[in-house]
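Participant: If it helps, the file is called start_8.cif and holds mmCIF, C-alpha atoms:
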```cif
data_start
loop_
_atom_site.group_PDB
_atom_site.id
_atom_site.type_symbol
_atom_site.label_atom_id
_atom_site.label_comp_id
_atom_site.auth_asym_id
_atom_site.auth_seq_id
_atom_site.Cartn_x
_atom_site.Cartn_y
_atom_site.Cartn_z
ATOM 1 C CA MET A 1 20.005 139.974 40.497
ATOM 2 C CA ILE A 2 17.508 137.085 40.856
ATOM 3 C CA ASN A 3 20.352 134.545 41.034
ATOM 4 C CA GLU A 4 22.050 136.614 43.763
ATOM 5 C CA ILE A 5 18.837 136.695 45.797
ATOM 6 C CA ILE A 6 18.365 132.948 45.408
ATOM 7 C CA SER A 7 21.978 131.959 46.171
ATOM 8 C CA MET A 8 22.542 134.545 48.950
ATOM 9 C CA ASN A 9 26.325 134.157 48.570
ATOM 10 C CA GLY A 10 26.103 130.439 49.200
ATOM 11 C CA HIS A 11 23.768 130.810 52.211
ATOM 12 C CA GLY A 12 20.539 130.517 50.197
ATOM 13 C CA ALA A 13 19.602 127.092 51.578
ATOM 14 C CA TYR A 14 19.816 128.376 55.166
ATOM 15 C CA VAL A 15 18.123 131.743 54.587
ATOM 16 C CA TRP A 16 15.278 130.412 52.427
ATOM 17 C CA SER A 17 14.596 127.417 54.682
ATOM 18 C CA ALA A 18 14.378 129.714 57.755
ATOM 19 C CA PHE A 19 11.950 132.101 56.002
ATOM 20 C CA SER A 20 9.949 129.203 54.506
ATOM 21 C CA PHE A 21 9.612 127.481 57.888
ATOM 22 C CA THR A 22 8.346 130.749 59.409
ATOM 23 C CA LEU A 23 5.787 131.393 56.672
ATOM 24 C CA ILE A 24 4.580 127.763 56.633
ATOM 25 C CA SER A 25 4.143 127.897 60.437
ATOM 26 C CA PHE A 26 2.149 131.149 60.089
ATOM 27 C CA THR A 27 -0.085 129.679 57.380
ATOM 28 C CA ALA A 28 -0.698 126.462 59.337
ATOM 29 C CA LEU A 29 -1.522 128.307 62.582
ATOM 30 C CA TYR A 30 -3.838 130.723 60.739
ATOM 31 C CA PHE A 31 -5.827 127.971 59.010
ATOM 32 C CA VAL A 32 -6.036 125.732 62.108
ATOM 33 C CA THR A 33 -7.332 128.707 64.148
ATOM 34 C CA LYS A 34 -9.777 129.697 61.386
ATOM 35 C CA LEU A 35 -11.049 126.101 61.168
ATOM 36 C CA GLN A 36 -11.656 125.958 64.940
ATOM 37 C CA LEU A 37 -13.501 129.292 64.803
ATOM 38 C CA SER A 38 -15.791 128.335 61.924
ATOM 39 C CA LYS A 39 -16.471 124.934 63.576
ATOM 40 C CA GLU A 40 -17.709 126.679 66.738
ATOM 41 C CA GLN A 41 -19.731 129.196 64.687
ATOM 42 C CA LYS A 42 -21.428 126.363 62.765
ATOM 43 C CA LYS A 43 -22.120 124.507 66.014
ATOM 44 C CA PHE A 44 -23.693 127.675 67.432
ATOM 45 C CA ALA A 45 -25.857 128.228 64.336
ATOM 46 C CA PHE A 46 -27.020 124.587 64.432
ATOM 47 C CA LYS A 47 -27.920 124.769 68.134
ATOM 48 C CA PHE A 48 -29.658 128.116 67.626
ATOM 49 C CA GLY A 49 -31.653 126.680 64.721
ATOM 50 C CA SER A 50 -32.884 123.792 66.844
ATOM 51 C CA LEU A 51 -34.297 126.090 69.596
ATOM 52 C CA ASN A 52 -38.064 126.584 69.758
ATOM 53 C CA SER A 53 -39.366 130.073 68.916
ATOM 54 C CA GLU A 54 -39.647 131.155 72.557
ATOM 55 C CA LYS A 55 -36.071 130.149 73.454
ATOM 56 C CA ALA A 56 -34.743 131.585 70.184
ATOM 57 C CA LYS A 57 -36.442 134.897 70.996
ATOM 58 C CA ALA A 58 -34.851 134.896 74.459
ATOM 59 C CA ALA A 59 -31.417 134.082 72.999
ATOM 60 C CA ARG A 60 -31.763 136.853 70.408
ATOM 61 C CA THR A 61 -32.048 139.463 73.161
ATOM 62 C CA GLN A 62 -28.282 139.119 73.739
ATOM 63 C CA ASN A 63 -26.140 141.243 71.402
ATOM 64 C CA ILE A 64 -23.319 138.686 71.362
ATOM 65 C CA ASN A 65 -25.661 135.958 70.030
ATOM 66 C CA ARG A 66 -26.813 138.242 67.211
ATOM 67 C CA GLU A 67 -23.166 139.070 66.404
ATOM 68 C CA ILE A 68 -22.220 135.368 66.243
ATOM 69 C CA LEU A 69 -25.179 134.613 63.960
ATOM 70 C CA SER A 70 -24.364 137.505 61.633
ATOM 71 C CA ASN A 71 -20.725 136.330 61.404
ATOM 72 C CA THR A 72 -21.823 132.723 60.814
ATOM 73 C CA SER A 73 -23.771 133.773 57.741
ATOM 74 C CA ASN A 74 -20.473 135.065 56.259
ATOM 75 C CA ILE A 75 -18.685 131.675 56.472
ATOM 76 C CA MET B 76 -12.633 148.658 87.153
ATOM 77 C CA PHE B 77 -12.720 145.675 84.787
ATOM 78 C CA LYS B 78 -16.355 146.037 83.647
ATOM 79 C CA SER B 79 -15.121 147.046 80.195
ATOM 80 C CA PHE B 80 -13.520 143.552 79.980
ATOM 81 C CA GLU B 81 -16.950 141.928 79.788
ATOM 82 C CA PRO B 82 -16.893 139.416 76.906
ATOM 83 C CA ASN B 83 -20.318 140.527 75.598
ATOM 84 C CA LYS B 84 -19.041 144.065 75.014
ATOM 85 C CA ILE B 85 -15.656 142.952 73.691
ATOM 86 C CA PHE B 86 -17.080 140.527 71.104
ATOM 87 C CA ALA B 87 -18.626 143.361 69.088
ATOM 88 C CA ILE B 88 -15.063 144.634 68.457
ATOM 89 C CA THR B 89 -13.100 141.363 68.336
ATOM 90 C CA SER B 90 -15.446 139.756 65.803
ATOM 91 C CA LYS B 91 -14.904 142.561 63.274
ATOM 92 C CA ALA B 92 -11.217 143.294 63.901
ATOM 93 C CA PRO B 93 -9.496 140.160 62.391
ATOM 94 C CA LYS B 94 -10.134 141.091 58.729
ATOM 95 C CA TYR B 95 -8.530 144.536 59.211
ATOM 96 C CA VAL B 96 -5.606 143.099 61.200
ATOM 97 C CA LEU B 97 -5.063 140.423 58.489
ATOM 98 C CA PHE B 98 -4.956 143.106 55.781
ATOM 99 C CA LEU B 99 -2.500 145.241 57.779
ATOM 100 C CA PHE B 100 -0.359 142.163 58.550
ATOM 101 C CA ILE B 101 -0.077 141.229 54.843
ATOM 102 C CA VAL B 102 0.921 144.812 53.914
ATOM 103 C CA VAL B 103 3.545 145.128 56.703
ATOM 104 C CA LEU B 104 4.888 141.586 56.096
ATOM 105 C CA THR B 105 5.325 142.288 52.365
ATOM 106 C CA ILE B 106 7.316 145.458 53.138
ATOM 107 C CA GLY B 107 9.280 143.610 55.837
ATOM 108 C CA LEU B 108 10.169 140.673 53.575
ATOM 109 C CA THR B 109 11.307 143.030 50.778
ATOM 110 C CA GLU B 110 13.504 144.924 53.249
ATOM 111 C CA ALA B 111 14.841 141.767 54.916
ATOM 112 C CA LEU B 112 15.558 139.692 51.796
ATOM 113 C CA VAL B 113 16.409 142.307 49.155
ATOM 114 C CA LEU B 114 17.101 145.829 50.413
ATOM 115 C CA SER B 115 19.022 145.297 53.659
ATOM 116 C CA PRO B 116 22.824 144.874 53.381
ATOM 117 C CA GLU B 117 24.740 141.661 54.048
ATOM 118 C CA ASP B 118 26.897 141.416 57.158
ATOM 119 C CA TYR B 119 30.691 141.804 56.754
ATOM 120 C CA LYS B 120 31.277 138.633 58.818
ATOM 121 C CA GLN B 121 28.178 136.466 58.368
ATOM 122 C CA SER B 122 27.400 137.548 54.796
ATOM 123 C CA ASP B 123 23.754 136.864 53.798
ATOM 124 C CA ALA B 124 23.201 134.384 56.635
ATOM 125 C CA VAL B 125 22.509 137.443 58.799
ATOM 126 C CA ARG B 126 19.087 137.749 57.101
ATOM 127 C CA ILE B 127 17.854 134.866 59.280
ATOM 128 C CA MET B 128 17.966 137.420 62.119
ATOM 129 C CA TYR B 129 14.855 139.122 60.655
ATOM 130 C CA VAL B 130 12.681 136.098 61.474
ATOM 131 C CA HIS B 131 14.644 134.639 64.410
ATOM 132 C CA VAL B 132 14.869 137.740 66.639
ATOM 133 C CA PRO B 133 11.228 139.007 66.351
ATOM 134 C CA ALA B 134 9.965 135.438 66.949
ATOM 135 C CA ALA B 135 12.106 135.132 70.098
ATOM 136 C CA TRP B 136 11.056 138.579 71.391
ATOM 137 C CA ILE B 137 7.345 137.901 70.880
ATOM 138 C CA SER B 138 7.448 134.413 72.428
ATOM 139 C CA LEU B 139 9.111 135.913 75.540
ATOM 140 C CA GLY B 140 6.626 138.807 75.611
ATOM 141 C CA ILE B 141 3.610 136.509 75.314
ATOM 142 C CA PHE B 142 4.814 134.191 78.091
ATOM 143 C CA SER B 143 5.385 137.198 80.372
ATOM 144 C CA SER B 144 1.815 138.303 79.551
ATOM 145 C CA LEU B 145 0.510 134.814 80.423
ATOM 146 C CA ALA B 146 2.105 135.102 83.872
ATOM 147 C CA LEU B 147 0.754 138.648 84.418
ATOM 148 C CA LEU B 148 -2.745 137.596 83.313
ATOM 149 C CA SER B 149 -2.577 134.538 85.581
ATOM 150 C CA VAL B 150 -1.728 136.728 88.571
ATOM 151 C CA GLY B 151 -4.522 139.099 87.445
ATOM 152 C CA SER B 152 -7.101 136.328 87.322
ATOM 153 C CA PHE B 153 -6.239 135.421 90.946
ATOM 154 C CA VAL B 154 -6.099 138.996 92.286
ATOM 155 C CA PHE B 155 -9.201 140.375 90.532
ATOM 156 C CA LYS B 156 -11.132 137.071 90.383
ATOM 157 C CA ASN B 157 -11.797 137.774 86.702
ATOM 158 C CA LYS B 158 -11.993 134.627 84.520
ATOM 159 C CA ASN B 159 -11.683 136.722 81.387
ATOM 160 C CA PHE B 160 -7.962 137.140 82.157
ATOM 161 C CA ALA B 161 -7.568 133.364 81.931
ATOM 162 C CA LEU B 162 -9.503 133.378 78.651
ATOM 163 C CA ILE B 163 -7.204 136.072 77.211
ATOM 164 C CA ALA B 164 -4.136 134.094 78.367
ATOM 165 C CA LYS B 165 -5.492 130.886 76.803
ATOM 166 C CA SER B 166 -6.033 132.726 73.496
ATOM 167 C CA LEU B 167 -2.520 134.208 73.516
ATOM 168 C CA ALA B 168 -0.662 130.947 74.218
ATOM 169 C CA PRO B 169 -0.856 129.197 70.779
ATOM 170 C CA SER B 170 0.852 132.038 68.900
ATOM 171 C CA GLY B 171 3.478 132.333 71.676
ATOM 172 C CA PHE B 172 4.247 128.621 71.344
ATOM 173 C CA VAL B 173 4.530 128.797 67.548
ATOM 174 C CA PHE B 174 6.851 131.838 67.803
ATOM 175 C CA ASN B 175 8.988 129.929 70.316
ATOM 176 C CA ILE B 176 9.291 126.969 67.904
ATOM 177 C CA ILE B 177 10.129 129.369 65.039
ATOM 178 C CA ALA B 178 12.864 130.982 67.197
ATOM 179 C CA LEU B 179 14.352 127.553 68.012
ATOM 180 C CA VAL B 180 14.221 126.194 64.445
ATOM 181 C CA THR B 181 15.487 129.362 62.711
ATOM 182 C CA GLY B 182 18.155 129.702 65.422
ATOM 183 C CA SER B 183 19.273 126.173 64.681
ATOM 184 C CA ILE B 184 19.367 126.906 60.922
ATOM 185 C CA TRP B 185 21.347 130.113 61.610
ATOM 186 C CA GLY B 186 23.743 128.197 63.877
ATOM 187 C CA LYS B 187 25.010 125.917 61.098
ATOM 188 C CA PRO B 188 26.653 128.573 58.841
ATOM 189 C CA THR B 189 27.789 130.797 61.742
ATOM 190 C CA TRP B 190 28.867 128.352 64.483
ATOM 191 C CA GLY B 191 29.273 125.206 62.384
ATOM 192 C CA THR B 192 26.633 123.289 64.361
ATOM 193 C CA TRP B 193 22.828 122.953 64.316
ATOM 194 C CA TRP B 194 22.537 122.735 68.095
ATOM 195 C CA ALA B 195 24.547 123.449 71.239
ATOM 196 C CA TRP B 196 23.455 122.887 74.820
ATOM 197 C CA ASP B 197 24.418 126.416 75.841
ATOM 198 C CA ALA B 198 22.450 128.518 78.348
ATOM 199 C CA ARG B 199 20.448 130.678 75.881
ATOM 200 C CA ILE B 200 19.374 127.833 73.595
ATOM 201 C CA THR B 201 18.604 125.427 76.446
ATOM 202 C CA SER B 202 16.554 128.027 78.343
ATOM 203 C CA MET B 203 14.563 128.752 75.156
ATOM 204 C CA LEU B 204 13.887 125.008 74.843
ATOM 205 C CA ILE B 205 12.683 124.993 78.471
ATOM 206 C CA LEU B 206 10.329 127.874 77.606
ATOM 207 C CA ALA B 207 8.896 125.752 74.766
ATOM 208 C CA LEU B 208 8.303 122.941 77.288
ATOM 209 C CA PHE B 209 6.438 125.356 79.582
ATOM 210 C CA TYR B 210 4.322 126.518 76.631
ATOM 211 C CA GLY B 211 3.640 122.870 75.792
ATOM 212 C CA MET B 212 2.602 122.087 79.389
ATOM 213 C CA TYR B 213 0.403 125.196 79.493
ATOM 214 C CA LEU B 214 -1.455 124.291 76.288
ATOM 215 C CA LEU B 215 -1.708 120.624 77.275
ATOM 216 C CA ALA B 216 -3.210 121.523 80.677
ATOM 217 C CA TRP B 217 -6.071 123.375 78.937
ATOM 218 C CA ARG B 218 -6.817 120.183 76.976
ATOM 219 C CA ILE B 219 -6.442 117.717 79.862
ATOM 220 C CA TYR B 220 -8.436 119.331 82.683
ATOM 221 C CA GLU B 221 -12.233 119.500 82.340
ATOM 222 C CA ASP B 222 -12.983 121.410 85.550
ATOM 223 C CA LYS B 223 -12.800 125.163 84.887
ATOM 224 C CA GLU B 224 -11.595 126.182 88.348
ATOM 225 C CA GLN B 225 -8.918 123.476 88.355
ATOM 226 C CA VAL B 226 -7.632 124.271 84.853
ATOM 227 C CA ILE B 227 -7.278 127.979 85.721
ATOM 228 C CA LYS B 228 -5.268 127.071 88.852
ATOM 229 C CA VAL B 229 -3.000 124.605 87.009
ATOM 230 C CA THR B 230 -2.340 126.832 83.984
ATOM 231 C CA SER B 231 -1.703 129.851 86.237
ATOM 232 C CA LEU B 232 0.803 127.824 88.241
ATOM 233 C CA ILE B 233 2.596 126.741 85.052
ATOM 234 C CA ALA B 234 2.719 130.348 83.776
ATOM 235 C CA ILE B 235 3.966 131.747 87.109
ATOM 236 C CA LEU B 236 6.621 129.014 87.486
ATOM 237 C CA GLY B 237 7.655 129.381 83.835
ATOM 238 C CA VAL B 238 8.106 133.147 84.018
ATOM 239 C CA VAL B 239 11.150 132.584 86.283
ATOM 240 C CA ASN B 240 12.837 131.331 83.110
ATOM 241 C CA ILE B 241 12.344 134.673 81.279
ATOM 242 C CA PRO B 242 15.131 136.651 83.042
ATOM 243 C CA ILE B 243 17.341 133.547 82.740
ATOM 244 C CA ILE B 244 16.827 133.619 78.944
ATOM 245 C CA LYS B 245 17.418 137.387 78.811
ATOM 246 C CA PHE B 246 20.604 137.448 80.902
ATOM 247 C CA SER B 247 21.982 133.968 80.047
ATOM 248 C CA VAL B 248 24.379 135.470 77.488
ATOM 249 C CA ASP B 249 25.794 137.816 80.168
ATOM 250 C CA TRP B 250 25.851 135.378 83.107
ATOM 251 C CA TRP B 251 27.454 132.445 81.303
ATOM 252 C CA ASN B 252 30.023 131.973 78.585
ATOM 253 C CA THR B 253 27.713 130.973 75.723
ATOM 254 C CA LEU B 254 28.025 130.223 72.031
ATOM 255 C CA HIS B 255 25.085 132.567 71.462
ATOM 256 C CA GLN B 256 26.122 136.191 70.915
ATOM 257 C CA PRO B 257 25.159 138.894 73.490
ATOM 258 C CA ALA B 258 22.112 141.074 72.716
ATOM 259 C CA SER B 259 22.655 143.702 70.003
ATOM 260 C CA ILE B 260 19.595 145.634 71.177
ATOM 261 C CA ASP B 261 19.013 146.176 74.878
ATOM 262 C CA ILE B 262 15.459 147.307 75.562
ATOM 263 C CA LEU B 263 16.422 148.163 79.157
ATOM 264 C CA SER B 264 18.885 150.803 77.931
ATOM 265 C CA THR B 265 19.490 152.842 74.764
ATOM 266 C CA ASP B 266 22.423 150.624 73.829
ATOM 267 C CA ILE B 267 22.011 149.571 70.177
ATOM 268 C CA ALA B 268 24.912 147.758 68.499
ATOM 269 C CA ILE B 269 23.212 147.389 65.125
ATOM 270 C CA HIS B 270 23.235 149.700 62.072
ATOM 271 C CA THR B 271 20.019 151.509 61.044
ATOM 272 C CA SER B 272 20.020 149.697 57.687
ATOM 273 C CA MET B 273 19.464 146.450 59.620
ATOM 274 C CA LEU B 274 17.469 147.947 62.470
ATOM 275 C CA ILE B 275 14.679 149.199 60.157
ATOM 276 C CA PRO B 276 13.861 145.778 58.573
ATOM 277 C CA LEU B 277 14.128 144.204 62.019
ATOM 278 C CA GLY B 278 11.603 146.748 63.343
ATOM 279 C CA ILE B 279 9.215 146.208 60.403
ATOM 280 C CA MET B 280 9.367 142.407 60.798
ATOM 281 C CA THR B 281 8.715 142.779 64.544
ATOM 282 C CA VAL B 282 5.596 144.862 63.789
ATOM 283 C CA ALA B 283 4.458 142.246 61.213
ATOM 284 C CA PHE B 284 4.951 139.379 63.702
ATOM 285 C CA SER B 285 3.117 141.340 66.420
ATOM 286 C CA LEU B 286 0.187 141.880 64.036
ATOM 287 C CA PHE B 287 0.094 138.143 63.257
ATOM 288 C CA SER B 288 0.108 137.396 66.967
ATOM 289 C CA LEU B 289 -2.796 139.861 67.445
ATOM 290 C CA LEU B 290 -4.692 138.230 64.565
ATOM 291 C CA ILE B 291 -4.383 134.730 66.034
ATOM 292 C CA PHE B 292 -5.270 136.050 69.488
ATOM 293 C CA LEU B 293 -8.479 137.690 68.195
ATOM 294 C CA MET B 294 -9.554 134.554 66.317
ATOM 295 C CA LYS B 295 -8.816 132.289 69.315
ATOM 296 C CA TYR B 296 -10.574 134.677 71.701
ATOM 297 C CA ASN B 297 -13.682 134.743 69.477
ATOM 298 C CA THR B 298 -13.614 130.921 69.358
ATOM 299 C CA GLU B 299 -13.504 130.757 73.165
ATOM 300 C CA LEU B 300 -16.384 133.235 73.522
ATOM 301 C CA ILE B 301 -18.537 131.276 71.062
ATOM 302 C CA LYS B 302 -17.713 128.054 72.982
ATOM 303 C CA ILE B 303 -19.094 129.714 76.136
ATOM 304 C CA LYS B 304 -22.191 130.869 74.262
ATOM 305 C CA ASN B 305 -22.685 127.329 72.889
ATOM 306 C CA LYS B 306 -22.788 126.051 76.470
ATOM 307 C CA GLY B 307 -25.213 128.892 77.283
ATOM 308 C CA LEU B 308 -27.605 127.698 74.549
ATOM 309 C CA ASP B 309 -27.520 124.184 76.041
ATOM 310 C CA ARG B 310 -28.750 125.618 79.340
ATOM 311 C CA LEU B 311 -31.694 127.495 77.781
#
```
Have the structure of the file written as C-alpha cells, please.
Facilitator:
Amino acid sequence: MINEIISMNGHGAYVWSAFSFTLISFTALYFVTKLQLSKEQKKFAFKFGSLNSEKAKAARTQNINREILSNTSNI
Amino acid sequence: MFKSFEPNKIFAITSKAPKYVLFLFIVVLTIGLTEALVLSPEDYKQSDAVRIMYVHVPAAWISLGIFSSLALLSVGSFVFKNKNFALIAKSLAPSGFVFNIIALVTGSIWGKPTWGTWWAWDARITSMLILALFYGMYLLAWRIYEDKEQVIKVTSLIAILGVVNIPIIKFSVDWWNTLHQPASIDILSTDIAIHTSMLIPLGIMTVAFSLFSLLIFLMKYNTELIKIKNKGLDRL
C-alpha cells in the first residue's frame, strides 16, 4: 500500500514533486508574510514606547492602536 | 456606502481572524491531500499522473480569480475614490502571484508524463506566463513608486490592462488548437466532464487553497494597516 502510494504507478516523481513544490511555496509565503507582519508590529511597539506620556495617551484613544499593541504582546 | 470599509473598524476583525483561518486551512488541506493522494481513483489514460490536477487546477483558478479582483478593486478605487480598495488589492496580489507560479510549475511537471514535454509555447500556457508577468509588474510597481497617488494609478493601470488577458486564458483552448486540454469544468454552464470521485477532491483542494489565500490576504492587510499607523505615530 505504502509502496503503491510512493511509486504512483511510475509517476511518483512527478506527482510528489508537484505536491512538494506547492506545499513548500505555501510554507515560504506564510513565513515571509508572518515575518513582515511581526516586523511592523515590533516597529509600532518601539515607536509607541518612545512617545511621551501625553502623546501615548492621545494614541491610546484609537481602538486600532490598542489592538496592534495587544497583538504585539503575543509575538 | 463604504463606511463599513474603514480600516479602523476592519482591523478589530482582521487581526483576530488569521488564527481561525489557519486552523480551518490545515483541517481542510489534510482532508484534501488524503482524498487527492490516496482515496481518489487513478485515470484510465493518465494513470496516477492525474493527481497533479488537484494542485494545478485550484492554483490556476485562484490566480485568475485574484487578478480579476485586482482589476475590479482598481476600478473601484477610481470610481469611489476609496484608497482602501487599493490596499485590499495590494494585500491580495502576493498570494495570486504564488498561485500563478504554482499553476505554471505543476502544469510543466504534469506536461512531461502526459505530453512528453515540460513546456510548449501554446496559447493557454503562454497566456498564463503573461499573467505571471502582469502579477510581477503589479508587485514591483508597489515597491518602486514612493508617491501614494502615483503608485495607485500605475498599479490600477497594470491590473486593468492585465485583466484583458483573463478571457484569453479562459477561451484559449477553444479559440486555438492547443496542446492543453479543453476545460473539464465550465463555470459558465453546468457542463461537467469529470467524475464525482475526482470532482470531490478537486472541490476540497479548491476550498483549502481559497482558505490559504484568505489567510495570506488577512496577514498582508494587517501589515499594511500597521504600516499606516506607524506613519501616524511619526506625525504625532
Participant: List as a list of chain:residue names: which residues have an atom within 7 Å of (-3.0, 133.0, 64.2), counting only C-alpha atoms?
Facilitator: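 Within the cut-off we find A:Phe26, A:Leu29, A:Tyr30, A:Thr33, B:Ser170, B:Phe287, B:Ser288, B:Leu290, B:Ile291, B:Phe292.
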Participant: Would you mind listing, as a ChimeraX atom specification, all residues of chain A that have at least one atom within 7 Å of chain B, where only C-alpha atoms are what counts?
Facilitator: /A:5,8-9,11,14-15,18-19,22,30,33-34,36-37,40-41,44,55,64,67
Participant: Applying 9 Å and only C-alpha atoms, which residues near Leu206 in chain B remain after dropping the ones on its own chain fewer than 6 positions away? List them as a PyMOL selection string.
Facilitator: chain B and resi 138-139+142+172+175+237-238+240-241+244
Participant: Could the residues in this selection be saved with C-alpha atoms as a compact mmCIF listing (two decimals), in the frame of the given file?
Facilitator:
```txt
# COMPACT_ATOMS: atom_id res chain seq x y z
CA SER B 138 7.45 134.41 72.43
CA LEU B 139 9.11 135.91 75.54
CA PHE B 142 4.81 134.19 78.09
CA PHE B 172 4.25 128.62 71.34
CA ASN B 175 8.99 129.93 70.32
CA GLY B 237 7.66 129.38 83.84
CA VAL B 238 8.11 133.15 84.02
CA ASN B 240 12.84 131.33 83.11
CA ILE B 241 12.34 134.67 81.28
CA ILE B 244 16.83 133.62 78.94
```
Participant: Which one of B:Leu97, B:Ala195, B:Leu236, B:Ala258 sits closest to Tyr213 in chain B if you count all atoms listed in the file?
Facilitator: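 Smallest distance to Tyr213 in chain B is found for B:Leu236.
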Participant: What are the centre and edge lengths in Å, to one decimal, of the axis-aligned box around all listed atoms of range 3-22 of chain A with 4 Å added on each side, as lines of an AutoDock Vina configuration file?
Facilitator:
```
center_x = 17.3
center_y = 131.9
center_z = 50.2
size_x = 26.0
size_y = 17.6
size_z = 26.4
```
Participant: Mind pulling up the distance from CA of Ala164 in chain B to CA of Lys223 in chain B?
Facilitator: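 According to the coordinates, CA of Lys223 in chain B and CA of Ala164 in chain B are separated by 14.0 Å.
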Participant: When you draw a straight line from CA of Ser144 in chain B to CA of Leu162 in chain B, how long is it in Å?
Facilitator: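 Pair CA of Ser144 in chain B / CA of Leu162 in chain B returns 12.4 Å.
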Participant: Interatomic distance between CA of Ala13 in chain A and CA of Thr105 in chain B?
Facilitator: 20.9 Å
Participant: Name the closest residue to Thr189 in chain B among the candidates B:Phe100, B:His255, B:Pro93, B:Ala234; distances are taken between atoms, counting all atoms listed in the file.
Facilitator: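 Answer, going by the shortest atom-to-atom distance: B:His255.
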Participant: Using all atoms listed in the file, which of the listed residues (A:Ile6, A:Met1, A:Ala59, A:Ile24) sits closest to Ala45 in chain A?
Facilitator: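 The answer is A:Ala59, which sits nearest to Ala45 in chain A.
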Participant: Can you pull out every residue within 9 Å of Leu104 in chain B, counting all atoms listed in the file, but drop anything in the same chain fewer than 6 positions away, and send it as a VMD selection string?
Facilitator: chain B and resid 279 to 280 282 to 284
Participant: Compare B:Ile141, B:Leu179, B:Leu289, B:Val132 by their minimum atom-to-atom distance to Thr89 in chain B, counting all atoms listed in the file, and give me the closest one.
Facilitator: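 The closest residue to Thr89 in chain B is B:Leu289.
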Participant: With distances taken over only C-alpha atoms, which of B:Tyr119, B:Tyr95, B:Trp250, B:Tyr210 is nearest to Lys165 in chain B?
Facilitator: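 Among the listed residues, B:Tyr210 lies closest to Lys165 in chain B.
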Participant: Identify the residues around (-5.6, 136.4, 80.5) within a radius of 8 Å, measuring from all atoms listed in the file in the coordinates stated by the file, and give them as a CSV table (one decimal) with C-alpha atoms, in the frame of the given file.
Facilitator:
```
chain,number,residue,atom,x,y,z
B,144,SER,CA,1.8,138.3,79.6
B,145,LEU,CA,0.5,134.8,80.4
B,147,LEU,CA,0.8,138.6,84.4
B,148,LEU,CA,-2.7,137.6,83.3
B,149,SER,CA,-2.6,134.5,85.6
B,151,GLY,CA,-4.5,139.1,87.4
B,152,SER,CA,-7.1,136.3,87.3
B,158,LYS,CA,-12.0,134.6,84.5
B,159,ASN,CA,-11.7,136.7,81.4
B,160,PHE,CA,-8.0,137.1,82.2
B,161,ALA,CA,-7.6,133.4,81.9
B,162,LEU,CA,-9.5,133.4,78.7
B,163,ILE,CA,-7.2,136.1,77.2
B,164,ALA,CA,-4.1,134.1,78.4
B,165,LYS,CA,-5.5,130.9,76.8
B,166,SER,CA,-6.0,132.7,73.5
B,167,LEU,CA,-2.5,134.2,73.5
```
Participant: Kindly indicate which residue among B:Thr109, B:Ser202, B:Ser285, B:Asn157 lies nearest to Pro242 in chain B, using all atoms listed in the file for the distances.
Facilitator: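 For Pro242 in chain B, the nearest of the candidates is B:Ser202.
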Participant: Would you fill the gaps in range 31-44 of chain A so it has N, CA and C atoms, then print it as a PDB file, in the coordinates of the input?
Facilitator:
```pdb
ATOM      1  N   PHE A  31      -4.730 128.814  59.504  1.00  0.00           N
ATOM      2  CA  PHE A  31      -5.827 127.971  59.010  1.00  0.00           C
ATOM      3  C   PHE A  31      -6.399 127.058  60.094  1.00  0.00           C
ATOM      4  N   VAL A  32      -5.546 126.563  60.992  1.00  0.00           N
ATOM      5  CA  VAL A  32      -6.036 125.732  62.108  1.00  0.00           C
ATOM      6  C   VAL A  32      -6.962 126.571  62.996  1.00  0.00           C
ATOM      7  N   THR A  33      -6.531 127.809  63.301  1.00  0.00           N
ATOM      8  CA  THR A  33      -7.332 128.707  64.148  1.00  0.00           C
ATOM      9  C   THR A  33      -8.650 129.061  63.459  1.00  0.00           C
ATOM     10  N   LYS A  34      -8.571 129.338  62.159  1.00  0.00           N
ATOM     11  CA  LYS A  34      -9.777 129.697  61.386  1.00  0.00           C
ATOM     12  C   LYS A  34     -10.764 128.530  61.360  1.00  0.00           C
ATOM     13  N   LEU A  35     -10.219 127.321  61.210  1.00  0.00           N
ATOM     14  CA  LEU A  35     -11.049 126.101  61.168  1.00  0.00           C
ATOM     15  C   LEU A  35     -11.779 125.908  62.498  1.00  0.00           C
ATOM     16  N   GLN A  36     -11.047 126.099  63.598  1.00  0.00           N
ATOM     17  CA  GLN A  36     -11.656 125.958  64.940  1.00  0.00           C
ATOM     18  C   GLN A  36     -12.764 126.989  65.137  1.00  0.00           C
ATOM     19  N   LEU A  37     -12.512 128.219  64.664  1.00  0.00           N
ATOM     20  CA  LEU A  37     -13.501 129.292  64.803  1.00  0.00           C
ATOM     21  C   LEU A  37     -14.766 128.979  64.005  1.00  0.00           C
ATOM     22  N   SER A  38     -14.597 128.584  62.741  1.00  0.00           N
ATOM     23  CA  SER A  38     -15.791 128.335  61.924  1.00  0.00           C
ATOM     24  C   SER A  38     -16.547 127.090  62.415  1.00  0.00           C
ATOM     25  N   LYS A  39     -15.820 126.123  63.007  1.00  0.00           N
ATOM     26  CA  LYS A  39     -16.471 124.934  63.576  1.00  0.00           C
ATOM     27  C   LYS A  39     -17.396 125.334  64.729  1.00  0.00           C
ATOM     28  N   GLU A  40     -16.904 126.220  65.605  1.00  0.00           N
ATOM     29  CA  GLU A  40     -17.709 126.679  66.738  1.00  0.00           C
ATOM     30  C   GLU A  40     -18.891 127.534  66.265  1.00  0.00           C
ATOM     31  N   GLN A  41     -18.653 128.355  65.222  1.00  0.00           N
ATOM     32  CA  GLN A  41     -19.731 129.196  64.687  1.00  0.00           C
ATOM     33  C   GLN A  41     -20.844 128.324  64.099  1.00  0.00           C
ATOM     34  N   LYS A  42     -20.440 127.265  63.378  1.00  0.00           N
ATOM     35  CA  LYS A  42     -21.428 126.363  62.765  1.00  0.00           C
ATOM     36  C   LYS A  42     -22.216 125.635  63.847  1.00  0.00           C
ATOM     37  N   LYS A  43     -21.479 125.208  64.898  1.00  0.00           N
ATOM     38  CA  LYS A  43     -22.120 124.507  66.014  1.00  0.00           C
ATOM     39  C   LYS A  43     -23.161 125.424  66.665  1.00  0.00           C
ATOM     40  N   PHE A  44     -22.788 126.705  66.813  1.00  0.00           N
ATOM     41  CA  PHE A  44     -23.693 127.675  67.432  1.00  0.00           C
ATOM     42  C   PHE A  44     -24.941 127.863  66.560  1.00  0.00           C
TER      43      PHE A  44
END
```
